[in-house]
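Trainee: See input.cif below, with mmCIF, C-alpha atoms.
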data_protein
#
loop_
_atom_site.label_atom_id
_atom_site.label_comp_id
_atom_site.auth_asym_id
_atom_site.auth_seq_id
_atom_site.Cartn_x
_atom_site.Cartn_y
_atom_site.Cartn_z
CA MET Z 1 7.29 107.87 42.56
CA LEU Z 2 8.81 108.88 39.30
CA SER Z 3 12.40 109.80 38.77
CA VAL Z 4 13.96 110.81 35.49
CA ALA Z 5 17.70 111.24 35.23
CA ASP Z 6 19.58 112.89 32.37
CA LEU Z 7 17.06 111.78 29.79
CA ALA Z 8 17.62 112.48 26.09
CA VAL Z 9 14.83 111.87 23.60
CA ALA Z 10 14.56 112.00 19.83
CA ARG Z 11 11.64 112.41 17.47
CA GLY Z 12 11.96 111.03 13.95
CA GLY Z 13 15.67 110.42 14.53
CA VAL Z 14 16.35 114.04 15.49
CA PRO Z 15 17.33 114.62 19.13
CA VAL Z 16 14.97 117.18 20.64
CA LEU Z 17 15.70 117.25 24.36
CA GLU Z 18 18.68 116.18 26.40
CA GLY Z 19 19.73 116.26 30.01
CA VAL Z 20 16.17 116.28 31.36
CA SER Z 21 16.12 115.40 35.05
CA LEU Z 22 13.04 115.58 37.19
CA SER Z 23 11.44 113.76 40.06
CA LEU Z 24 7.90 113.49 41.31
CA ASP Z 25 6.84 112.45 44.78
CA ALA Z 26 3.40 111.38 45.91
CA GLY Z 27 1.06 114.37 45.99
CA GLU Z 28 3.12 116.45 43.59
CA ALA Z 29 2.24 117.91 40.22
CA LEU Z 30 4.73 119.16 37.69
CA VAL Z 31 3.81 121.25 34.67
CA LEU Z 32 6.07 121.16 31.62
CA ARG Z 33 6.29 124.41 29.69
CA GLY Z 34 8.04 125.24 26.48
CA PRO Z 35 7.32 126.44 22.94
CA ASN Z 36 5.69 124.22 20.30
CA GLY Z 37 8.00 121.59 18.91
CA ILE Z 38 10.40 121.68 21.85
CA GLY Z 39 9.68 118.02 22.58
CA LYS Z 40 7.16 117.94 25.43
CA THR Z 41 5.08 115.21 23.81
CA THR Z 42 8.17 113.18 22.95
CA LEU Z 43 9.40 113.50 26.52
CA LEU Z 44 6.05 112.34 27.91
CA ARG Z 45 5.90 109.40 25.49
CA ALA Z 46 9.41 108.37 26.50
CA ILE Z 47 8.50 108.56 30.19
CA ALA Z 48 5.34 106.55 29.48
CA GLY Z 49 7.51 103.86 27.91
CA LEU Z 50 6.11 104.25 24.41
CA GLN Z 51 9.52 104.99 22.92
CA PRO Z 52 13.02 104.22 24.11
CA PRO Z 53 15.11 107.20 25.23
CA LEU Z 54 18.42 108.00 23.53
CA ALA Z 55 20.14 108.22 26.89
CA GLY Z 56 19.28 108.44 30.56
CA ARG Z 57 16.93 106.55 32.82
CA VAL Z 58 13.28 106.59 33.78
CA GLU Z 59 12.61 105.02 37.14
CA ALA Z 60 9.11 104.28 38.34
CA ALA Z 61 7.30 101.41 39.95
CA PRO Z 62 6.12 98.89 37.34
CA GLU Z 63 2.60 99.56 36.07
CA SER Z 64 2.35 102.86 37.91
CA ARG Z 65 2.12 105.17 34.91
CA VAL Z 66 -0.82 106.02 32.72
CA TYR Z 67 -0.53 108.18 29.63
CA ALA Z 68 -3.14 110.44 28.06
CA GLY Z 69 -2.12 111.89 24.72
CA HIS Z 70 -3.70 114.12 22.11
CA ALA Z 71 -6.07 111.36 21.02
CA ASP Z 72 -8.50 110.05 23.60
CA GLY Z 73 -8.77 106.46 22.43
CA ILE Z 74 -12.56 106.62 22.24
CA LYS Z 75 -14.56 104.22 20.11
CA ALA Z 76 -17.38 106.10 18.41
CA PRO Z 77 -19.85 103.16 18.11
CA LEU Z 78 -19.64 102.36 21.83
CA THR Z 79 -21.47 104.36 24.47
CA VAL Z 80 -19.69 106.51 27.03
CA GLU Z 81 -20.26 103.88 29.68
CA GLU Z 82 -19.03 101.01 27.47
CA ASN Z 83 -15.88 102.97 26.63
CA LEU Z 84 -15.09 103.60 30.28
CA ARG Z 85 -15.97 100.09 31.35
CA PHE Z 86 -13.63 98.68 28.71
CA TRP Z 87 -10.68 100.67 30.04
CA ALA Z 88 -11.59 99.76 33.60
CA ARG Z 89 -11.55 96.06 32.71
CA VAL Z 90 -8.27 96.38 30.80
CA PHE Z 91 -6.67 97.97 33.86
CA GLY Z 92 -8.26 95.42 36.16
CA THR Z 93 -10.51 97.81 38.09
CA ASN Z 94 -14.25 97.89 38.22
CA HIS Z 95 -15.36 101.32 39.37
CA ILE Z 96 -16.51 103.70 36.74
CA SER Z 97 -19.14 105.61 38.64
CA ALA Z 98 -16.70 107.92 40.44
CA ALA Z 99 -15.16 108.78 37.07
CA LEU Z 100 -18.59 109.42 35.52
CA ASP Z 101 -19.41 111.81 38.36
CA ALA Z 102 -16.05 113.55 38.45
CA PHE Z 103 -16.34 114.65 34.83
CA ARG Z 104 -20.16 115.06 34.80
CA LEU Z 105 -20.65 112.28 32.28
CA ARG Z 106 -23.53 110.62 34.16
CA THR Z 107 -26.21 112.14 31.92
CA LEU Z 108 -24.25 111.19 28.80
CA ALA Z 109 -23.54 107.62 29.92
CA THR Z 110 -25.81 105.90 27.41
CA ARG Z 111 -24.97 108.11 24.47
CA PRO Z 112 -22.73 106.74 21.69
CA ALA Z 113 -19.32 108.37 22.06
CA GLY Z 114 -19.42 109.34 18.39
CA ALA Z 115 -22.26 111.75 19.19
CA LEU Z 116 -20.29 113.70 21.80
CA SER Z 117 -18.84 117.16 21.26
CA ALA Z 118 -15.07 117.63 21.22
CA GLY Z 119 -15.05 118.89 24.80
CA GLN Z 120 -17.24 116.02 26.00
CA LYS Z 121 -14.95 113.53 24.29
CA ARG Z 122 -11.98 115.07 26.03
CA ARG Z 123 -13.81 114.77 29.36
CA LEU Z 124 -14.39 111.09 28.62
CA GLY Z 125 -10.71 110.73 27.76
CA LEU Z 126 -9.74 112.28 31.09
CA ALA Z 127 -12.27 110.17 32.98
CA ARG Z 128 -10.32 107.15 31.70
CA LEU Z 129 -7.42 108.24 33.93
CA LEU Z 130 -9.60 107.81 36.99
CA VAL Z 131 -10.72 104.28 36.13
CA THR Z 132 -7.17 103.04 35.56
CA GLY Z 133 -6.39 103.40 39.25
CA ARG Z 134 -2.75 104.17 38.46
CA PRO Z 135 -0.87 106.73 40.57
CA VAL Z 136 1.34 108.57 38.06
CA TRP Z 137 -0.57 110.51 35.39
CA LEU Z 138 1.30 111.64 32.29
CA LEU Z 139 -0.86 114.21 30.55
CA ASP Z 140 -0.24 115.79 27.19
CA GLU Z 141 -2.26 118.99 26.68
CA PRO Z 142 -5.16 117.70 28.80
CA THR Z 143 -7.25 120.86 28.54
CA VAL Z 144 -7.53 121.10 24.75
CA SER Z 145 -11.13 121.87 23.74
CA LEU Z 146 -12.33 122.08 27.36
CA ASP Z 147 -14.44 125.07 28.41
CA ALA Z 148 -13.75 126.99 31.63
CA ASP Z 149 -16.14 124.86 33.72
CA SER Z 150 -14.58 121.63 32.48
CA VAL Z 151 -11.08 122.95 33.15
CA ALA Z 152 -12.23 123.57 36.74
CA LEU Z 153 -13.57 119.98 36.89
CA PHE Z 154 -10.24 118.74 35.62
CA ALA Z 155 -8.29 120.83 38.14
CA ALA Z 156 -10.50 119.43 40.90
CA ALA Z 157 -9.85 115.88 39.65
CA ILE Z 158 -6.09 116.53 39.68
CA ARG Z 159 -6.31 117.95 43.18
CA ALA Z 160 -8.26 114.93 44.44
CA HIS Z 161 -5.74 112.64 42.76
CA LEU Z 162 -2.81 114.41 44.42
CA ALA Z 163 -4.56 114.39 47.78
CA ALA Z 164 -5.02 110.62 47.41
CA GLY Z 165 -1.26 110.20 47.04
CA GLY Z 166 -1.02 110.33 43.25
CA ALA Z 167 1.26 112.41 41.09
CA ALA Z 168 0.83 114.16 37.76
CA LEU Z 169 3.22 115.29 35.08
CA MET Z 170 1.56 117.42 32.42
CA ALA Z 171 2.41 119.52 29.43
CA THR Z 172 0.01 122.42 29.22
CA HIS Z 173 0.00 126.06 28.21
CA ILE Z 174 -2.95 127.30 30.21
CA ASP Z 175 -3.06 128.11 33.88
CA LEU Z 176 -5.04 125.42 35.68
CA GLY Z 177 -5.19 127.40 38.90
CA LEU Z 178 -3.15 124.71 40.64
CA ALA Z 179 -1.03 126.84 42.93
CA GLU Z 180 0.78 123.82 44.33
CA ALA Z 181 2.02 122.64 40.93
CA ARG Z 182 5.67 123.18 40.15
CA ILE Z 183 6.55 124.51 36.73
CA MET Z 184 9.47 123.33 34.68
CA ASP Z 185 10.54 125.02 31.47
CA VAL Z 186 12.13 122.45 29.17
CA THR Z 187 13.45 125.09 26.75
CA ALA Z 188 16.77 124.98 28.60
CA CYS Z 189 17.10 121.29 27.74
CA ARG Z 190 16.90 121.80 23.98
CA ALA Z 191 19.25 119.30 22.31
CA ALA Z 192 22.22 120.51 20.34
CA PRO Z 193 21.64 120.09 16.60
CA LEU Z 194 23.11 116.91 15.14
CA ALA Z 195 26.71 117.38 14.20
CA VAL Z 196 27.27 116.72 10.52
CA ASP Z 197 29.61 113.77 10.26
CA ASP Z 198 32.01 113.19 7.37
CA PHE Z 199 29.66 110.87 5.54
CA ASP Z 200 26.77 113.34 5.53
CA GLY Z 201 29.15 116.26 5.01
CA ALA Z 202 30.28 114.80 1.72
CA PHE Z 203 26.77 115.42 0.37
CA LEU Z 204 26.51 119.01 1.58
CA MET L 205 -7.69 90.44 27.33
CA ILE L 206 -11.26 89.16 27.41
CA ALA L 207 -12.32 92.80 27.69
CA LEU L 208 -10.40 93.59 24.51
CA LEU L 209 -11.89 90.61 22.70
CA THR L 210 -15.45 91.51 23.66
CA ARG L 211 -14.85 95.13 22.69
CA ASP L 212 -13.49 94.16 19.27
CA LEU L 213 -16.38 91.78 18.62
CA ARG L 214 -18.87 94.41 19.74
CA LEU L 215 -17.26 97.02 17.50
CA ALA L 216 -17.36 94.59 14.58
CA ILE L 217 -21.11 94.02 14.82
CA ARG L 218 -22.06 97.65 15.50
CA ALA L 219 -22.73 100.02 12.60
CA GLY L 220 -19.70 100.50 10.37
CA GLY L 221 -17.86 97.63 11.94
CA GLY L 222 -17.47 95.73 8.71
CA PHE L 223 -18.83 92.45 9.99
CA GLY L 224 -20.12 90.40 7.08
CA LEU L 225 -18.19 92.44 4.53
CA GLY L 226 -15.70 89.63 4.00
CA LEU L 227 -18.49 87.09 3.91
CA ALA L 228 -20.41 89.05 1.26
CA PHE L 229 -17.22 89.43 -0.78
CA PHE L 230 -16.58 85.68 -0.56
CA LEU L 231 -20.12 85.00 -1.71
CA ILE L 232 -19.84 87.33 -4.69
CA VAL L 233 -16.44 86.06 -5.83
CA VAL L 234 -17.57 82.45 -5.67
CA VAL L 235 -20.87 83.20 -7.41
CA LEU L 236 -19.07 85.06 -10.21
CA VAL L 237 -16.81 82.13 -11.09
CA PRO L 238 -19.51 79.86 -12.60
CA PHE L 239 -20.68 82.82 -14.70
CA GLY L 240 -17.16 83.26 -16.02
CA VAL L 241 -16.34 79.59 -16.53
CA GLY L 242 -19.67 78.62 -18.00
CA PRO L 243 -22.07 75.79 -17.15
CA GLN L 244 -19.59 72.93 -17.25
CA GLY L 245 -20.20 70.78 -14.22
CA THR L 246 -17.08 68.64 -14.47
CA LEU L 247 -14.74 71.62 -14.90
CA LEU L 248 -16.37 73.46 -11.99
CA ALA L 249 -16.12 70.39 -9.80
CA ARG L 250 -12.41 70.21 -10.51
CA ILE L 251 -11.63 73.85 -9.76
CA ALA L 252 -14.11 74.21 -6.87
CA PRO L 253 -11.67 73.56 -3.96
CA GLY L 254 -9.13 76.02 -5.35
CA ILE L 255 -11.73 78.71 -6.08
CA LEU L 256 -13.24 78.39 -2.61
CA TRP L 257 -9.83 78.68 -1.00
CA ILE L 258 -8.80 81.69 -3.09
CA GLY L 259 -12.13 83.34 -2.37
CA ALA L 260 -11.72 82.77 1.37
CA LEU L 261 -8.17 84.11 1.24
CA LEU L 262 -9.17 87.29 -0.58
CA ALA L 263 -12.14 87.83 1.72
CA CYS L 264 -9.80 87.51 4.68
CA LEU L 265 -7.41 90.03 3.14
CA LEU L 266 -10.19 92.57 2.74
CA SER L 267 -10.57 93.33 6.43
CA LEU L 268 -6.94 93.06 7.55
CA ASP L 269 -6.12 96.75 7.50
CA ARG L 270 -8.88 97.42 10.03
CA ILE L 271 -7.16 95.30 12.68
CA PHE L 272 -4.86 98.04 13.89
CA ALA L 273 -5.61 101.08 11.70
CA LEU L 274 -8.73 102.16 13.59
CA ASP L 275 -7.08 101.77 16.99
CA TRP L 276 -4.10 103.69 15.69
CA GLU L 277 -6.23 106.58 14.42
CA ASP L 278 -8.15 107.18 17.62
CA GLY L 279 -5.14 106.73 19.88
CA SER L 280 -6.35 103.51 21.57
CA LEU L 281 -3.26 101.67 20.39
CA ASP L 282 -0.94 104.00 22.36
CA LEU L 283 -3.12 103.60 25.42
CA LEU L 284 -3.32 99.82 25.03
CA ALA L 285 0.47 99.71 24.71
CA THR L 286 0.77 101.35 28.12
CA ALA L 287 -1.96 99.17 29.63
CA PRO L 288 -1.12 96.09 31.69
CA LEU L 289 -1.44 93.79 28.67
CA PRO L 290 1.58 92.13 27.11
CA MET L 291 1.90 93.30 23.52
CA GLU L 292 2.07 89.67 22.37
CA GLY L 293 -1.27 89.06 24.08
CA LEU L 294 -2.72 92.16 22.48
CA VAL L 295 -1.82 91.04 18.95
CA SER L 296 -3.04 87.49 19.62
CA VAL L 297 -6.40 88.78 20.82
CA LYS L 298 -6.63 91.04 17.78
CA ALA L 299 -5.93 88.06 15.51
CA LEU L 300 -8.50 85.96 17.34
CA ALA L 301 -11.13 88.71 17.02
CA HIS L 302 -10.33 88.95 13.30
CA TRP L 303 -10.73 85.21 12.87
CA LEU L 304 -14.03 85.13 14.78
CA THR L 305 -15.50 87.96 12.71
CA THR L 306 -14.04 87.00 9.32
CA GLY L 307 -12.56 83.50 9.20
CA LEU L 308 -15.23 81.61 11.10
CA PRO L 309 -18.17 82.92 8.99
CA LEU L 310 -16.23 81.92 5.86
CA VAL L 311 -15.77 78.39 7.20
CA LEU L 312 -19.46 78.12 7.96
CA ALA L 313 -20.56 79.55 4.59
CA ALA L 314 -18.17 77.47 2.46
CA PRO L 315 -20.31 74.29 2.18
CA GLY L 316 -23.25 76.31 0.85
CA LEU L 317 -21.05 77.86 -1.79
CA GLY L 318 -19.58 74.45 -2.61
CA VAL L 319 -22.99 73.51 -3.98
CA LEU L 320 -22.82 76.41 -6.44
CA LEU L 321 -19.48 75.10 -7.70
CA ASN L 322 -20.67 71.50 -8.00
CA LEU L 323 -18.18 70.32 -5.38
CA PRO L 324 -18.19 66.48 -5.27
CA GLY L 325 -19.91 64.94 -2.26
CA PRO L 326 -16.92 63.64 -0.30
CA GLY L 327 -15.26 67.05 -0.51
CA TYR L 328 -17.54 69.00 1.84
CA GLY L 329 -16.17 67.71 5.11
CA TRP L 330 -12.57 68.13 3.98
CA LEU L 331 -13.28 71.62 2.64
CA VAL L 332 -14.72 72.76 5.96
CA LEU L 333 -11.92 71.07 7.90
CA SER L 334 -9.20 72.58 5.73
CA LEU L 335 -10.71 76.06 6.03
CA ALA L 336 -11.20 75.66 9.77
CA LEU L 337 -7.55 74.69 10.14
CA GLY L 338 -6.17 77.18 7.62
CA THR L 339 -8.06 80.43 8.24
CA PRO L 340 -6.54 80.98 11.72
CA ALA L 341 -3.13 81.06 10.02
CA LEU L 342 -4.50 83.63 7.55
CA SER L 343 -5.65 85.84 10.44
CA VAL L 344 -2.39 85.54 12.36
CA ILE L 345 -0.21 86.23 9.31
CA GLY L 346 -2.51 89.10 8.36
CA THR L 347 -2.20 90.57 11.85
CA PHE L 348 1.54 90.58 11.37
CA GLY L 349 1.13 92.44 8.08
CA ALA L 350 -1.28 94.90 9.69
CA ALA L 351 1.23 95.54 12.49
CA LEU L 352 3.92 96.20 9.89
CA THR L 353 1.85 98.76 8.03
CA VAL L 354 0.11 100.47 10.95
CA GLY L 355 0.38 104.23 10.76
CA LEU L 356 0.96 104.33 7.01
CA LYS L 357 -1.46 106.31 4.95
CA ARG L 358 -2.98 104.07 2.24
CA GLY L 359 -1.25 101.13 3.84
CA GLY L 360 -3.89 98.71 2.55
CA LEU L 361 -2.27 97.99 -0.80
CA LEU L 362 1.18 97.59 0.71
CA LEU L 363 -0.39 95.26 3.25
CA SER L 364 -1.79 93.07 0.45
CA LEU L 365 1.59 92.96 -1.29
CA LEU L 366 3.31 91.95 1.93
CA VAL L 367 0.77 89.42 3.10
CA LEU L 368 -0.24 87.58 -0.10
CA PRO L 369 3.15 85.90 -0.64
CA LEU L 370 3.09 84.79 2.99
CA TYR L 371 -0.31 83.19 2.37
CA VAL L 372 1.09 80.89 -0.35
CA PRO L 373 1.99 77.85 1.81
CA THR L 374 -1.36 77.95 3.60
CA LEU L 375 -3.17 78.18 0.27
CA ILE L 376 -1.19 75.33 -1.30
CA PHE L 377 -1.79 72.85 1.50
CA GLY L 378 -5.31 74.05 2.33
CA ALA L 379 -6.49 73.74 -1.25
CA GLU L 380 -4.65 70.42 -1.56
CA VAL L 381 -6.57 68.98 1.39
CA ALA L 382 -9.87 70.11 -0.12
CA ARG L 383 -8.94 68.85 -3.62
CA ARG L 384 -7.73 65.44 -2.46
CA GLY L 385 -10.72 65.10 -0.20
CA ALA L 386 -13.04 65.85 -3.12
CA ASP L 387 -11.25 63.26 -5.27
CA GLY L 388 -11.40 60.67 -2.52
CA LEU L 389 -7.62 60.49 -2.08
CA ALA L 390 -5.59 60.30 1.14
CA VAL L 391 -5.31 63.73 2.76
CA SER L 392 -3.13 63.10 5.77
CA THR L 393 0.11 64.62 4.39
CA PRO L 394 -1.26 68.04 3.32
CA LEU L 395 -3.51 68.04 6.38
CA ALA L 396 -0.51 67.57 8.68
CA LEU L 397 1.45 70.28 6.87
CA LEU L 398 -1.51 72.68 7.00
CA SER L 399 -1.93 72.07 10.74
CA GLY L 400 1.79 72.55 11.18
CA ILE L 401 1.73 75.91 9.41
CA THR L 402 -1.20 77.06 11.52
CA CYS L 403 0.33 75.95 14.81
CA GLY L 404 3.69 77.45 13.88
CA THR L 405 2.27 80.83 12.93
CA ILE L 406 0.06 80.99 16.04
CA ALA L 407 3.04 80.14 18.22
CA LEU L 408 5.68 82.39 16.65
CA LEU L 409 4.17 85.27 14.72
CA PRO L 410 2.64 87.13 17.71
CA PHE L 411 6.18 87.81 18.91
CA ALA L 412 7.13 89.27 15.53
CA SER L 413 3.89 91.29 15.37
CA ALA L 414 4.45 92.68 18.87
CA ALA L 415 8.02 93.64 18.01
CA VAL L 416 7.08 95.54 14.84
CA LEU L 417 4.15 97.18 16.61
CA ARG L 418 6.50 98.51 19.31
CA VAL L 419 8.76 99.92 16.60
CA ASN L 420 5.81 101.48 14.78
CA LEU L 421 4.47 103.16 17.92
CA ARG L 422 7.65 105.14 18.54
#
Would you put the structure from the file into structure tokens?
Mentor:
Amino acid sequence: MLSVADLAVARGGVPVLEGVSLSLDAGEALVLRGPNGIGKTTLLRAIAGLQPPLAGRVEAAPESRVYAGHADGIKAPLTVEENLRFWARVFGTNHISAALDAFRLRTLATRPAGALSAGQKRRLGLARLLVTGRPVWLLDEPTVSLDADSVALFAAAIRAHLAAGGAALMATHIDLGLAEARIMDVTACRAAPLAVDDFDGAFL
Amino acid sequence: MIALLTRDLRLAIRAGGGFGLGLAFFLIVVVLVPFGVGPQGTLLARIAPGILWIGALLACLLSLDRIFALDWEDGSLDLLATAPLPMEGLVSVKALAHWLTTGLPLVLAAPGLGVLLNLPGPGYGWLVLSLALGTPALSVIGTFGAALTVGLKRGGLLLSLLVLPLYVPTLIFGAEVARRGADGLAVSTPLALLSGITCGTIALLPFASAAVLRVNLR
């Protein structure tokens, strides 16, 4: 479903990762590990198509990927239901009730999103993944500010998604209890520091 | 895209959305001018088209930085960029939402404010027409400026510096239509040029806005 070959990515002009190769089939989950600043977010953004890679290829079916980053993209003046319905309409689907149930947002549906707690907002952000109807989830630290119960809800949502033939690539530090997920440590792919060329060297 | 438009309009009219801010600013600027110039009917009548156009332009400028800044802050812009919407469509819808919430109210309020400035009778129709034709260009050019400065802290001032020079042709021909109309002269030349500017910006600038937005999202 998703195949990444020899990818190199840069953040702010500085190469952070190179030679990243991975592939995801339907029903598979892959967890990216690595210390802060290694480039997990940059890698996910490059795979999502938000930034061009320095080198390498990302192959996936068109419109198969959905990205969830650190920010949830929630509009505070709109209610939980309006937020979800907006994303459903943008992605051309119409079913938000499964997503409301999966993340226990039913009782919060009419509340303005600005009045939610951090964990509830994150649940709403994750519920967005379900309404997009896209098979490949790219998740950047999805469990931030979730309590143990919500992490279990999230793990169940991932499991259901995989069982339905989806795939998930996530960067996370905590153990989700997903035994079937493969783990990939990207520390080995750390990019070599930029060589100082003659022009720059003249100033050093 | 309709979903995005309805969301933006809904956000604009909810609390803190800033709907009416531009309109109130326009009102205040135009009301202040007679106080500054003094009660000279003939002078006011002569400067009225220009003042109304400058007021509309500044009011438009006031809300430009909200076009993308809020979506950038809460992460929606990243998510919209990965959504099945062409980026050119996204920026066009954003410009349309800006015009509906800012430009259109200005067009509708302008005749009322023309009375305060002693605008001559024949000028009202031409004033409304020139604003109706010109303000879409202001929104589209402003969207381009907002796309250029998205993600910058305190980008508002830079946005004004970038956008105001680009507003000059629209202002010249827009105010010219209103002024000639008020004087009872032929308006077809400035009217054609104003329409040309608007059509050109609507047709071309979304591509530029989408390109700079892609660069800024990296």
Trainee: May I have the residues of chain L within 12 Å of chain Z, counting only C-alpha atoms, written as a PDB file with C-alpha atoms, in the frame of the given file?
Mentor:
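Saved to out-v6.pdb:
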ATOM      1  CA  MET L 205      -7.690  90.440  27.330  1.00  0.00           C
ATOM      2  CA  ILE L 206     -11.260  89.160  27.410  1.00  0.00           C
ATOM      3  CA  ALA L 207     -12.320  92.800  27.690  1.00  0.00           C
ATOM      4  CA  LEU L 208     -10.400  93.590  24.510  1.00  0.00           C
ATOM      5  CA  LEU L 209     -11.890  90.610  22.700  1.00  0.00           C
ATOM      6  CA  THR L 210     -15.450  91.510  23.660  1.00  0.00           C
ATOM      7  CA  ARG L 211     -14.850  95.130  22.690  1.00  0.00           C
ATOM      8  CA  ASP L 212     -13.490  94.160  19.270  1.00  0.00           C
ATOM      9  CA  LEU L 213     -16.380  91.780  18.620  1.00  0.00           C
ATOM     10  CA  ARG L 214     -18.870  94.410  19.740  1.00  0.00           C
ATOM     11  CA  LEU L 215     -17.260  97.020  17.500  1.00  0.00           C
ATOM     12  CA  ALA L 216     -17.360  94.590  14.580  1.00  0.00           C
ATOM     13  CA  ILE L 217     -21.110  94.020  14.820  1.00  0.00           C
ATOM     14  CA  ARG L 218     -22.060  97.650  15.500  1.00  0.00           C
ATOM     15  CA  ALA L 219     -22.730 100.020  12.600  1.00  0.00           C
ATOM     16  CA  GLY L 220     -19.700 100.500  10.370  1.00  0.00           C
ATOM     17  CA  GLY L 221     -17.860  97.630  11.940  1.00  0.00           C
ATOM     18  CA  LEU L 274      -8.730 102.160  13.590  1.00  0.00           C
ATOM     19  CA  ASP L 275      -7.080 101.770  16.990  1.00  0.00           C
ATOM     20  CA  TRP L 276      -4.100 103.690  15.690  1.00  0.00           C
ATOM     21  CA  GLU L 277      -6.230 106.580  14.420  1.00  0.00           C
ATOM     22  CA  ASP L 278      -8.150 107.180  17.620  1.00  0.00           C
ATOM     23  CA  GLY L 279      -5.140 106.730  19.880  1.00  0.00           C
ATOM     24  CA  SER L 280      -6.350 103.510  21.570  1.00  0.00           C
ATOM     25  CA  LEU L 281      -3.260 101.670  20.390  1.00  0.00           C
ATOM     26  CA  ASP L 282      -0.940 104.000  22.360  1.00  0.00           C
ATOM     27  CA  LEU L 283      -3.120 103.600  25.420  1.00  0.00           C
ATOM     28  CA  LEU L 284      -3.320  99.820  25.030  1.00  0.00           C
ATOM     29  CA  ALA L 285       0.470  99.710  24.710  1.00  0.00           C
ATOM     30  CA  THR L 286       0.770 101.350  28.120  1.00  0.00           C
ATOM     31  CA  ALA L 287      -1.960  99.170  29.630  1.00  0.00           C
ATOM     32  CA  PRO L 288      -1.120  96.090  31.690  1.00  0.00           C
ATOM     33  CA  LEU L 289      -1.440  93.790  28.670  1.00  0.00           C
ATOM     34  CA  PRO L 290       1.580  92.130  27.110  1.00  0.00           C
ATOM     35  CA  MET L 291       1.900  93.300  23.520  1.00  0.00           C
ATOM     36  CA  LEU L 294      -2.720  92.160  22.480  1.00  0.00           C
ATOM     37  CA  LEU L 417       4.150  97.180  16.610  1.00  0.00           C
ATOM     38  CA  ARG L 418       6.500  98.510  19.310  1.00  0.00           C
ATOM     39  CA  VAL L 419       8.760  99.920  16.600  1.00  0.00           C
ATOM     40  CA  ASN L 420       5.810 101.480  14.780  1.00  0.00           C
ATOM     41  CA  LEU L 421       4.470 103.160  17.920  1.00  0.00           C
ATOM     42  CA  ARG L 422       7.650 105.140  18.540  1.00  0.00           C
TER      43      ARG L 422
END
Trainee: From the set L:Asn322, L:Ser392, L:Thr339, L:Thr374, which residue has the shortest atom-to-atom contact distance to Trp303 (chain L), counting all atoms listed in the file?
Mentor: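 Looking at the shortest contact to Trp303 (chain L), the residue is L:Thr339.
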Trainee: Which residues are close to Gly56 (chain Z), i.e. within 8 Å by only C-alpha atoms, leaving aside same-chain residues fewer than 6 positions away? Reply as a compact mmCIF listing (two decimals) with C-alpha atoms, in the frame of the given file.
Mentor:
# COMPACT_ATOMS: atom_id res chain seq x y z
CA VAL Z 4 13.96 110.81 35.49
CA ALA Z 5 17.70 111.24 35.23
CA ASP Z 6 19.58 112.89 32.37
CA LEU Z 7 17.06 111.78 29.79
CA ALA Z 8 17.62 112.48 26.09
CA GLY Z 19 19.73 116.26 30.01
Trainee: Going by the chain IDs and residue numbers used in this file, which residues fall under the PyMOL selection byres ((chain L and resi 311) around 6)? Write them as a PyMOL selection string.
Mentor: chain L and resi 308-310+312-314+332+335-336
Trainee: Report, in Å to a single decimal, how far apart CA of Arg383 (chain L) and CA of Pro326 (chain L) are.
Mentor: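 Interatomic distance here is 10.1 Å.
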Trainee: So what do you get for CA of Gly133 (chain Z) versus CA of Leu84 (chain Z), distance-wise?
Mentor: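 CA of Leu84 (chain Z) lies at a distance of 12.5 Å from CA of Gly133 (chain Z).
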Trainee: Using all atoms listed in the file, which of L:Leu323, L:Val234, L:Lys298, L:Ala273 sits nearest Leu247 (chain L)?
Mentor: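 That would be L:Leu323, the residue with the smallest distance to Leu247 (chain L).
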Trainee: In Å to one decimal, how far is CA of Ser97 (chain Z) from CA of Arg123 (chain Z)?
Mentor: 14.1 Å
Trainee: Can you spell out as an MDAnalysis selection string the set of residues that the PyMOL selection byres ((chain L and resi 269) around 6) selects in the structure I just provided?
Mentor: chainID L and resid 267:268 270:271 350 360
Trainee: Could you please give me, as JSON, numbers by chain, the residues of protein, DNA or RNA lying at most 10 Å from (1.6, 81.9, 18.1) in the coordinate frame of the file, considering all atoms listed in the file?
Mentor: {"L": [292, 293, 295, 296, 341, 344, 345, 402, 403, 404, 405, 406, 407, 408, 409, 410, 411, 412]}
Trainee: List as a list in words: which residues have an atom within 8 Å of (-13.7, 110.6, 37.7), counting only C-alpha atoms?
Mentor: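 Here is the list of nearby residues: Ile96, Ser97, Ala98, Ala99, Leu100, Asp101, Ala102, Phe103, Leu126, Ala127, Arg128, Leu129, Leu130, Val131 and Ala157 of chain Z.
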Trainee: Tell me which residues the PyMOL selection byres ((chain Z and resi 183-194) around 9) grabs here, as a PyMOL selection string.
Mentor: chain Z and resi 8-9+14-20+22+29-35+38-40+181-182+195-197
Trainee: Would you mind listing what lies within 12 Å of region 317-319 of chain L as a PyMOL selection string, with all atoms listed in the file counted and same-chain residues fewer than 3 positions away left out?
Mentor: chain L and resi 227-228+230-238+245+248-257+259-260+310-314+322-332+382+386
